[in-house]
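Worksheet for the structure shown next.
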Number of protein chains: 2
Amino acid sequence: MSILVPPHGSPVLKPLLLEGAEREQELKRAAGLKRVPMTTRETSDLIMMGIGAFTPLDGFMGHDDWKGCCDSYQMPSMDNLFWPIPITLSAEQALADSINVGEEVALFDTETEAIMGTMKVTEKYTIDKAHECQQVFKTTDQEHPGVQKVMAQGPVNLAGPVKVLSESYYPEMFDIYQRPADARKIFEDRGWSTVAALQLRNPMHGSHAYLAWVAIEVCDGVYIHQLVGKLKPGDIPAEVRVKAIQALVDNYFRPDRVVQGGYPMEMRYAGPREALLHAVFRQNYGCSHLIVGRDHAGVGDYYGPFDAHRIFNEIPEGSLKLQPLRMDWTFYCYECGTMASMKTCPHESKAVIDENGQYQGGARLLLSGTMLRKLMSEGKPVPKEFSKPEVIAILKEYYDNLEEKVEVKLHGAATGDVAKK
Amino acid sequence: MSILVPPHGSPVLKPLLLEGAEREQELKRAAGLKRVPMTTRETSDLIMMGIGAFTPLDGFMGHDDWKGCCDSYQMPSMDNLFWPIPITLSAEQALADSINVGEEVALFDTETEAIMGTMKVTEKYTIDKAHECQQVFKTTDQEHPGVQKVMAQGPVNLAGPVKVLSESYYPEMFDIYQRPADARKIFEDRGWSTVAALQLRNPMHGSHAYLAWVAIEVCDGVYIHQLVGKLKPGDIPAEVRVKAIQALVDNYFRPDRVVQGGYPMEMRYAGPREALLHAVFRQNYGCSHLIVGRDHAGVGDYYGPFDAHRIFNEIPEGSLKLQPLRMDWTFYCYECGTMASMKTCPHESKAVIDENGQYQGGARLLLSGTMLRKLMSEGKPVPKEFSKPEVIAILKEYYDNLEEKVEVKLHGAATGDVAKK
């Protein structure tokens, strides 16, 4: 019998999305309300609330919950329930001034120019943004992509319960897009109780596949859960990644042990704190475990490689029903003759791969992104121990097209410059 | 910081072994007491109590606890604390009749002819042995080695608190022999919190090594915990196994992720029920997880291959702090090119190994014990994907000597027979 982990802080999921006639009616009503534009992060958080991924939140947080999340992972408005990162909505000063507490507003997505929801404003407050950044990101460095967004947001936060009216383009654009209730239904139908979520925002090479294989060995199955929300520039687009991962799953996994899904949240790159947020919403998706690898949700050098492992021991006991599956740096080892990690491989040397992609000796295969790009762009083989050929074929196609585009663009720009002279 | 799982039903270990002057005094006193001979199983259980591996038991169980364990995994005398298999002491009728309730007796090991402990008899009772067998072993078949021992034991059970006076030959005979407090100390010194116990009573081939590697990936380390108590005839002796496993650990593991230990309990071959007993005493040893593989602690066809997985869901919630790491049938797969299991390997075919130990095609390498013996005895290579050469060398040496001995013995017997004619 399948007994999945319950949602966070609630016996049932609490999706805030209206559907059918109720939605139509609310959309009409929203057209007459004052519009509050949302950042892409705010829009993605609203959709997460809509689909129940942020159960049991009922809207954007007020000051006390903002402070509680920042300082002690707690929401005072909800019996001090655990929550690791504030979920807030910001507004420019003039707009905020024009809105009265008690007023209902329409939540507007500037990217798609769509009304995404409505909110009854119950509170207007200002925050110490630097404090939020220090607590959540452990830095106020403006180079940090998460810090940038917090510092750039409007000076006033608006709080209140929301009704969600759209999931934006996600359901249409991504076959793997999935609501928590749908994922739970699949797990239940398969009779699973223990499900390990594998968070992915990059293509799945051998080292990620190994994380999934290990998780399958110790759980009923793995939920390959891809971010289809916004990434930072330079990351591989979700549609390419989805295709590459599908190729891997089709050829190297047992279909009865894998479920794929996509979720719309935007990356904050908050490292350990974000690992906790990933844990909260994966519990809502029905996962009993979350694979937490090296530098989970990190960026640059802001976090120690295992800060996200440790933080699960630092939060109050009982905060989560989900447990972390802490995993070390994984790789193929030519001397072990298998995938391994820093914890299992007794060989210290690094494998040498020459410019033609040929193995020249040594143990641990650790290929840099730069080296991988170089091999692909020069049409050289990528060691199959690093990544399966089916995956590499799809990535190569993307990079080849990308380089053509970049070349065309550069060429066009140069011509323009010449013409101006 | 290391935070190990607490002992079972107690904040501290409760070893019942006396040491130093106290032990000397009790030994002298015991010499004057009536002797109760113990079966090898009873002796091994007494030592388990002595070293604190059966914390929080204070002696052999009375009738109510016997019945509670059989019928509902509970000890009424201990607030209905979870316990999966009765720990009892039997006596022949005449001896039992000669002992008064309240009397102190000496516990005598017939194998070594040593006084192992003393007990204050608080209760004498008879049991329905067939009922115990049916509940614990799920069978009353006399071919079952565990059933045999219960049916052969004396008709009266004696209960009462014990003082333990000896660990028998285990500390001297086995370097890996270890008390729970010593294992906990090692784990704490290493800063471990999550430790997975790998129960071993057979040599460690590739498939067992893989269980250990997977466990290391998801825990701080693995405790390779070998049974050095009694096995059934035909099993490889503990001293040979210990040597073979040491060779594997030395060459294919990181020393900082493995601890080895031995425990003196005799196998009951009770399958799922014994998996639970293994869990209880591994928790006492400080392990947060127990690897439960295919047909754990089983024998013959008495148990379904995953009955021992399921039973952890069937016991009352909160019975154990330790969690099972449920693992499927593992093997090397030539098409995966790696170790895998029925859950991770998508290839269904069986690898063909010819009579010379050469791979002839196919995917999953599943070598029977008979085939392995045959290859070794004929000096043919065993596929290194099945078992590491360092391990095979040690086993081959054992079998070669064994066959010589068996031949000598058979030859001797034949001569004897001839002489008699």
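A note on labels: chains of the structure tokens are A, B, ... as shown, every chain counts residues from 1, and ligands are counted from 1 in their shown order.
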_Neighbours of chain B in chain A at 9 Å, counting only C-alpha atoms, as an NGL selection string_ = :A and (211 or 213-221 or 251-257 or 325-328 or 336-347)
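Shell of Gln358 of chain B at 9 Å, with only C-alpha atoms counted and residues fewer than 5 places along the chain excluded, is Val352, Ile353, Pro381, Val382 and Pro383 of chain B.
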Could you turn the residues from that selection into a file that holds all heavy atoms, as a PDB file, in the first residue's frame?
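Wrote result.pdb, looks like this:
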```pdb
ATOM      1  N   VAL B 352      25.970 -15.023 -19.846  1.00  0.00           N
ATOM      2  CA  VAL B 352      26.404 -16.416 -19.970  1.00  0.00           C
ATOM      3  C   VAL B 352      27.898 -16.491 -19.675  1.00  0.00           C
ATOM      4  O   VAL B 352      28.703 -15.807 -20.309  1.00  0.00           O
ATOM      5  CB  VAL B 352      26.122 -16.957 -21.396  1.00  0.00           C
ATOM      6  CG1 VAL B 352      26.611 -18.394 -21.519  1.00  0.00           C
ATOM      7  CG2 VAL B 352      24.636 -16.848 -21.712  1.00  0.00           C
ATOM      8  N   ILE B 353      28.244 -17.294 -18.686  1.00  0.00           N
ATOM      9  CA  ILE B 353      29.647 -17.543 -18.336  1.00  0.00           C
ATOM     10  C   ILE B 353      29.908 -19.010 -18.654  1.00  0.00           C
ATOM     11  O   ILE B 353      29.189 -19.891 -18.163  1.00  0.00           O
ATOM     12  CB  ILE B 353      29.892 -17.280 -16.831  1.00  0.00           C
ATOM     13  CG1 ILE B 353      29.486 -15.851 -16.448  1.00  0.00           C
ATOM     14  CG2 ILE B 353      31.341 -17.559 -16.450  1.00  0.00           C
ATOM     15  CD1 ILE B 353      30.250 -14.740 -17.131  1.00  0.00           C
ATOM     16  N   PRO B 381      39.291 -19.056 -13.790  1.00  0.00           N
ATOM     17  CA  PRO B 381      39.079 -17.710 -13.259  1.00  0.00           C
ATOM     18  C   PRO B 381      37.600 -17.442 -12.972  1.00  0.00           C
ATOM     19  O   PRO B 381      36.734 -17.877 -13.716  1.00  0.00           O
ATOM     20  CB  PRO B 381      39.560 -16.800 -14.392  1.00  0.00           C
ATOM     21  CG  PRO B 381      39.376 -17.608 -15.638  1.00  0.00           C
ATOM     22  CD  PRO B 381      39.621 -19.042 -15.234  1.00  0.00           C
ATOM     23  N   VAL B 382      37.340 -16.752 -11.877  1.00  0.00           N
ATOM     24  CA  VAL B 382      35.985 -16.271 -11.576  1.00  0.00           C
ATOM     25  C   VAL B 382      35.907 -14.855 -12.146  1.00  0.00           C
ATOM     26  O   VAL B 382      36.825 -14.062 -11.924  1.00  0.00           O
ATOM     27  CB  VAL B 382      35.752 -16.251 -10.050  1.00  0.00           C
ATOM     28  CG1 VAL B 382      34.415 -15.583  -9.724  1.00  0.00           C
ATOM     29  CG2 VAL B 382      35.813 -17.661  -9.491  1.00  0.00           C
ATOM     30  N   PRO B 383      34.850 -14.515 -12.900  1.00  0.00           N
ATOM     31  CA  PRO B 383      34.788 -13.162 -13.476  1.00  0.00           C
ATOM     32  C   PRO B 383      35.009 -12.106 -12.397  1.00  0.00           C
ATOM     33  O   PRO B 383      34.370 -12.153 -11.347  1.00  0.00           O
ATOM     34  CB  PRO B 383      33.365 -13.081 -14.044  1.00  0.00           C
ATOM     35  CG  PRO B 383      32.950 -14.496 -14.299  1.00  0.00           C
ATOM     36  CD  PRO B 383      33.655 -15.321 -13.253  1.00  0.00           C
TER      37      PRO B 383
END
```
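Minimum distance to Glu113 of chain B across B:Met75, B:Met38, B:Leu89, B:Ala270 (counting only C-alpha atoms) occurs at B:Met38.
Rounded to one decimal, atom CA of Val195 of chain A and atom CA of Gly262 of chain A lie 15.6 Å from each other.
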*Write out as a PyMOL selection string each polymer residue whose atoms come within 8 Å of Gln93 of chain A, counting only C-alpha atoms; drop sequence neighbours fewer than 3 positions from it.*
chain A and resi 96-97+154-156
*Where in segment 31-277 of chain B does DSSP assign helix (DSSP H, G or I), given as a PyMOL selection string?*
chain B and resi 31+40-50+63-72+76-78+93-98+129-137+145-152+170-173+180-189+206-218+238-252+255-257+272-277
*Looking only at strand (DSSP E or B) from DSSP on the backbone, list the matching residues of segment 180-378 of chain B as an MDAnalysis selection string.*
chainID B and resid 195:200 221:227 258:263 289:292 323:326 330:333 338:341 350 353 359 364:365
*Can you tell me how far atom CA of Leu248 of chain A sits from atom CA of Met204 of chain A, in Å to one decimal?*
7.7 Å
*For Asp189 of chain B: contacts at 12 Å, only C-alpha atoms, fewer than 4 positions along chain excluded, given as a list in words*: Met1, Ser2, Ile3, Leu4, Asp182, Ala183, Arg184, Lys185, Ser193, Asp256 and Val259 of chain B
Just write the chosen residues, N, CA, C and O atoms, as a compact mmCIF listing (two decimals), in the first residue's frame.
```txt
# COMPACT_ATOMS: atom_id res chain seq x y z
N MET B 1 29.03 17.81 14.31
CA MET B 1 28.88 17.11 15.60
C MET B 1 28.18 15.78 15.39
O MET B 1 27.21 15.70 14.65
N SER B 2 28.69 14.78 16.03
CA SER B 2 28.11 13.44 15.90
C SER B 2 26.90 13.30 16.82
O SER B 2 26.99 13.55 18.01
N ILE B 3 25.78 12.94 16.26
CA ILE B 3 24.60 12.64 17.08
C ILE B 3 24.11 11.28 16.63
O ILE B 3 23.40 11.16 15.64
N LEU B 4 24.52 10.25 17.34
CA LEU B 4 24.13 8.89 16.96
C LEU B 4 22.71 8.61 17.44
O LEU B 4 22.21 9.23 18.38
N ASP B 182 31.91 0.24 22.10
CA ASP B 182 33.14 0.48 21.35
C ASP B 182 32.83 0.97 19.94
O ASP B 182 33.51 1.86 19.41
N ALA B 183 31.82 0.37 19.31
CA ALA B 183 31.43 0.82 17.97
C ALA B 183 30.96 2.27 18.02
O ALA B 183 31.37 3.11 17.21
N ARG B 184 30.12 2.56 19.01
CA ARG B 184 29.62 3.94 19.15
C ARG B 184 30.76 4.94 19.33
O ARG B 184 30.73 6.04 18.77
N LYS B 185 31.74 4.54 20.10
CA LYS B 185 32.90 5.42 20.33
C LYS B 185 33.61 5.72 19.01
O LYS B 185 33.96 6.87 18.72
N SER B 193 26.97 10.65 12.09
CA SER B 193 25.63 10.62 12.66
C SER B 193 24.82 9.48 12.05
O SER B 193 24.09 8.78 12.74
N ASP B 256 38.24 5.66 5.64
CA ASP B 256 37.53 6.61 6.51
C ASP B 256 36.01 6.48 6.42
O ASP B 256 35.30 7.20 7.11
N VAL B 259 33.75 0.93 8.98
CA VAL B 259 34.17 0.35 10.25
C VAL B 259 33.74 -1.11 10.21
O VAL B 259 32.66 -1.44 9.71
```
*Enter the distance from atom CA of Leu81 of chain B to atom CA of Glu167 of chain B, in Å, rounded to one decimal.*
26.4 Å
*asked:* Please list as a list in words every residue within 12 Å of Gly300 of chain B, counting only C-alpha atoms and excluding residues in the same chain fewer than 4 positions away.
replied: Asp141, Glu143, His144, Pro145, Gly146, Tyr269, Ala270, Gly271, Asp295, His296, Gly304 and Pro305 of chain B
_Surrounding residues of segment 196-198 of chain B excluding itself and chain neighbours under 2 positions, 6 Å, only C-alpha atoms, as a VMD selection string_ = chain B and resid 222 to 225 287 289 to 291
Next, the residues of the selection above should be written as a CSV table (one decimal), in the first residue's frame with all heavy atoms.
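Written out: selection20.csv:
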```csv
chain,number,residue,atom,x,y,z
B,222,VAL,N,29.6,3.1,6.6
B,222,VAL,CA,29.0,1.8,6.7
B,222,VAL,C,29.7,1.0,7.8
B,222,VAL,O,30.9,1.2,8.0
B,222,VAL,CB,29.1,1.0,5.3
B,222,VAL,CG1,30.5,0.5,5.0
B,222,VAL,CG2,28.1,-0.1,5.3
B,223,TYR,N,28.9,0.3,8.5
B,223,TYR,CA,29.4,-0.6,9.6
B,223,TYR,C,29.3,-2.1,9.0
B,223,TYR,O,28.2,-2.6,9.0
B,223,TYR,CB,28.6,-0.4,10.8
B,223,TYR,CG,29.1,-1.2,12.0
B,223,TYR,CD1,30.5,-1.2,12.4
B,223,TYR,CD2,28.2,-1.8,12.9
B,223,TYR,CE1,30.9,-1.9,13.5
B,223,TYR,CE2,28.6,-2.5,14.1
B,223,TYR,CZ,30.0,-2.5,14.3
B,223,TYR,OH,30.4,-3.2,15.5
B,224,ILE,N,30.4,-2.6,8.6
B,224,ILE,CA,30.3,-4.0,8.1
B,224,ILE,C,30.3,-4.9,9.3
B,224,ILE,O,31.3,-5.0,10.0
B,224,ILE,CB,31.5,-4.3,7.1
B,224,ILE,CG1,31.4,-3.4,5.9
B,224,ILE,CG2,31.5,-5.8,6.7
B,224,ILE,CD1,32.5,-3.6,4.9
B,225,HIS,N,29.2,-5.5,9.6
B,225,HIS,CA,29.0,-6.1,10.9
B,225,HIS,C,28.7,-7.6,10.7
B,225,HIS,O,27.7,-8.0,10.2
B,225,HIS,CB,27.7,-5.5,11.5
B,225,HIS,CG,27.7,-5.6,13.0
B,225,HIS,ND1,26.6,-5.4,13.8
B,225,HIS,CD2,28.8,-5.8,13.9
B,225,HIS,CE1,26.9,-5.6,15.1
B,225,HIS,NE2,28.2,-5.8,15.2
B,287,CYS,N,23.8,2.3,14.9
B,287,CYS,CA,23.5,2.5,13.5
B,287,CYS,C,22.1,3.1,13.3
B,287,CYS,O,21.2,2.7,13.9
B,287,CYS,CB,23.6,1.1,12.8
B,287,CYS,SG,25.2,0.4,13.0
B,289,HIS,N,20.8,3.1,10.2
B,289,HIS,CA,20.2,2.3,9.2
B,289,HIS,C,20.7,0.9,9.2
B,289,HIS,O,21.8,0.6,9.6
B,289,HIS,CB,20.6,3.0,7.8
B,289,HIS,CG,20.0,4.3,7.6
B,289,HIS,ND1,20.5,5.5,8.2
B,289,HIS,CD2,18.9,4.7,6.9
B,289,HIS,CE1,19.8,6.5,7.8
B,289,HIS,NE2,18.8,6.1,7.0
B,290,LEU,N,19.8,0.0,8.7
B,290,LEU,CA,20.2,-1.4,8.4
B,290,LEU,C,20.0,-1.7,7.0
B,290,LEU,O,18.8,-1.5,6.5
B,290,LEU,CB,19.5,-2.3,9.4
B,290,LEU,CG,19.6,-3.8,9.1
B,290,LEU,CD1,21.1,-4.3,9.4
B,290,LEU,CD2,18.6,-4.7,9.9
B,291,ILE,N,21.0,-2.2,6.3
B,291,ILE,CA,20.7,-2.6,4.9
B,291,ILE,C,20.0,-3.9,5.0
B,291,ILE,O,20.4,-4.9,5.6
B,291,ILE,CB,22.1,-2.8,4.2
B,291,ILE,CG1,22.9,-1.5,4.1
B,291,ILE,CG2,21.8,-3.4,2.8
B,291,ILE,CD1,24.3,-1.7,3.6
```
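All residues of protein, DNA or RNA that reach within 12 Å of Glu111 of chain B, judged by only C-alpha atoms and not counting those fewer than 2 positions away in the chain, are Pro37, Met38, Thr39, Thr40, Arg41, Glu42, Thr43, Ser44, Phe108, Asp109, Glu113, Ala114, Ile115, Met116, Ser168, Tyr169 and Lys230 of chain B.
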Output all heavy atoms of each residue in that selection to a file, as a compact mmCIF listing (two decimals), in the first residue's frame.
```txt
# COMPACT_ATOMS: atom_id res chain seq x y z
N PRO B 37 22.40 -25.76 32.09
CA PRO B 37 23.11 -25.76 30.81
C PRO B 37 22.33 -24.96 29.76
O PRO B 37 21.11 -24.98 29.74
CB PRO B 37 23.17 -27.24 30.44
CG PRO B 37 22.09 -27.90 31.20
CD PRO B 37 21.79 -27.07 32.40
N MET B 38 23.09 -24.27 28.90
CA MET B 38 22.46 -23.47 27.85
C MET B 38 22.75 -24.07 26.48
O MET B 38 23.82 -24.62 26.25
CB MET B 38 22.99 -22.03 27.88
CG MET B 38 22.62 -21.26 29.13
SD MET B 38 23.19 -19.54 29.05
CE MET B 38 24.97 -19.76 29.13
N THR B 39 21.81 -23.92 25.56
CA THR B 39 22.09 -24.25 24.16
C THR B 39 23.01 -23.16 23.61
O THR B 39 23.17 -22.10 24.22
CB THR B 39 20.80 -24.25 23.31
OG1 THR B 39 20.29 -22.91 23.25
CG2 THR B 39 19.74 -25.17 23.91
N THR B 40 23.60 -23.43 22.43
CA THR B 40 24.50 -22.41 21.85
C THR B 40 23.74 -21.12 21.58
O THR B 40 24.29 -20.03 21.73
CB THR B 40 25.13 -22.92 20.54
OG1 THR B 40 24.08 -23.38 19.66
CG2 THR B 40 26.10 -24.05 20.80
N ARG B 41 22.47 -21.24 21.23
CA ARG B 41 21.68 -20.03 20.96
C ARG B 41 21.49 -19.22 22.25
O ARG B 41 21.64 -18.00 22.28
CB ARG B 41 20.31 -20.39 20.39
CG ARG B 41 19.53 -19.19 19.85
CD ARG B 41 18.05 -19.47 19.76
NE ARG B 41 17.42 -19.44 21.07
CZ ARG B 41 16.28 -20.06 21.40
NH1 ARG B 41 15.65 -20.80 20.50
NH2 ARG B 41 15.79 -19.97 22.62
N GLU B 42 21.18 -19.95 23.33
CA GLU B 42 20.98 -19.27 24.61
C GLU B 42 22.26 -18.59 25.09
O GLU B 42 22.24 -17.47 25.59
CB GLU B 42 20.44 -20.26 25.63
CG GLU B 42 19.01 -20.70 25.33
CD GLU B 42 18.59 -22.03 25.97
OE1 GLU B 42 19.44 -22.70 26.59
OE2 GLU B 42 17.40 -22.40 25.82
N THR B 43 23.39 -19.28 24.90
CA THR B 43 24.67 -18.68 25.28
C THR B 43 24.92 -17.41 24.50
O THR B 43 25.34 -16.38 25.04
CB THR B 43 25.83 -19.68 25.02
OG1 THR B 43 25.59 -20.85 25.80
CG2 THR B 43 27.17 -19.08 25.39
N SER B 44 24.65 -17.48 23.19
CA SER B 44 24.92 -16.30 22.36
C SER B 44 23.99 -15.15 22.75
O SER B 44 24.42 -13.99 22.79
CB SER B 44 24.80 -16.64 20.87
OG SER B 44 23.46 -16.69 20.44
N PHE B 108 25.44 -22.19 32.37
CA PHE B 108 26.58 -23.02 32.00
C PHE B 108 26.59 -23.26 30.49
O PHE B 108 25.58 -23.64 29.89
CB PHE B 108 26.45 -24.35 32.74
CG PHE B 108 27.56 -25.31 32.52
CD1 PHE B 108 28.82 -25.09 33.10
CD2 PHE B 108 27.38 -26.44 31.74
CE1 PHE B 108 29.85 -26.00 32.90
CE2 PHE B 108 28.41 -27.35 31.53
CZ PHE B 108 29.65 -27.12 32.12
N ASP B 109 27.72 -22.99 29.86
CA ASP B 109 27.85 -23.22 28.42
C ASP B 109 28.41 -24.61 28.17
O ASP B 109 29.55 -24.90 28.54
CB ASP B 109 28.76 -22.15 27.80
CG ASP B 109 28.97 -22.37 26.31
OD1 ASP B 109 28.07 -22.94 25.66
OD2 ASP B 109 30.03 -21.96 25.80
N GLU B 113 32.17 -25.48 28.40
CA GLU B 113 32.14 -25.90 29.80
C GLU B 113 32.52 -24.77 30.74
O GLU B 113 33.25 -24.95 31.71
CB GLU B 113 33.05 -27.12 30.02
CG GLU B 113 32.64 -28.28 29.10
CD GLU B 113 33.20 -29.61 29.57
OE1 GLU B 113 34.24 -29.59 30.26
OE2 GLU B 113 32.59 -30.64 29.24
N ALA B 114 32.01 -23.58 30.42
CA ALA B 114 32.30 -22.42 31.26
C ALA B 114 31.02 -21.89 31.89
O ALA B 114 29.95 -21.99 31.31
CB ALA B 114 32.95 -21.32 30.41
N ILE B 115 31.18 -21.34 33.09
CA ILE B 115 30.08 -20.57 33.70
C ILE B 115 30.04 -19.22 33.00
O ILE B 115 31.02 -18.47 33.00
CB ILE B 115 30.34 -20.36 35.21
CG1 ILE B 115 30.45 -21.70 35.96
CG2 ILE B 115 29.25 -19.47 35.82
CD1 ILE B 115 29.14 -22.45 36.09
N MET B 116 28.90 -18.93 32.38
CA MET B 116 28.77 -17.71 31.58
C MET B 116 28.05 -16.60 32.32
O MET B 116 28.15 -15.44 31.93
CB MET B 116 27.99 -18.01 30.29
CG MET B 116 28.64 -19.04 29.38
SD MET B 116 30.20 -18.42 28.70
CE MET B 116 29.61 -17.03 27.76
N SER B 168 32.94 -15.46 26.37
CA SER B 168 33.41 -16.69 25.75
C SER B 168 34.67 -16.44 24.93
O SER B 168 35.47 -15.56 25.27
CB SER B 168 32.30 -17.31 24.90
OG SER B 168 32.64 -18.63 24.52
N TYR B 169 34.84 -17.18 23.86
CA TYR B 169 36.09 -17.09 23.09
C TYR B 169 36.07 -15.96 22.06
O TYR B 169 37.04 -15.76 21.34
CB TYR B 169 36.37 -18.43 22.38
CG TYR B 169 35.15 -19.02 21.69
CD1 TYR B 169 34.65 -18.48 20.51
CD2 TYR B 169 34.49 -20.13 22.23
CE1 TYR B 169 33.53 -19.03 19.89
CE2 TYR B 169 33.37 -20.69 21.62
CZ TYR B 169 32.90 -20.13 20.45
OH TYR B 169 31.80 -20.66 19.83
N LYS B 230 27.24 -18.80 15.80
CA LYS B 230 27.06 -20.09 15.10
C LYS B 230 26.24 -19.95 13.81
O LYS B 230 25.25 -19.24 13.76
CB LYS B 230 26.36 -21.07 16.02
CG LYS B 230 27.23 -21.61 17.13
CD LYS B 230 28.06 -22.80 16.67
CE LYS B 230 29.02 -23.26 17.76
NZ LYS B 230 29.95 -22.18 18.22
```
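Between Arg294 of chain B and the residues B:Leu367, B:Cys70, B:Val280, B:Ala275, the shortest atom-to-atom distance, using only C-alpha atoms, involves B:Ala275.
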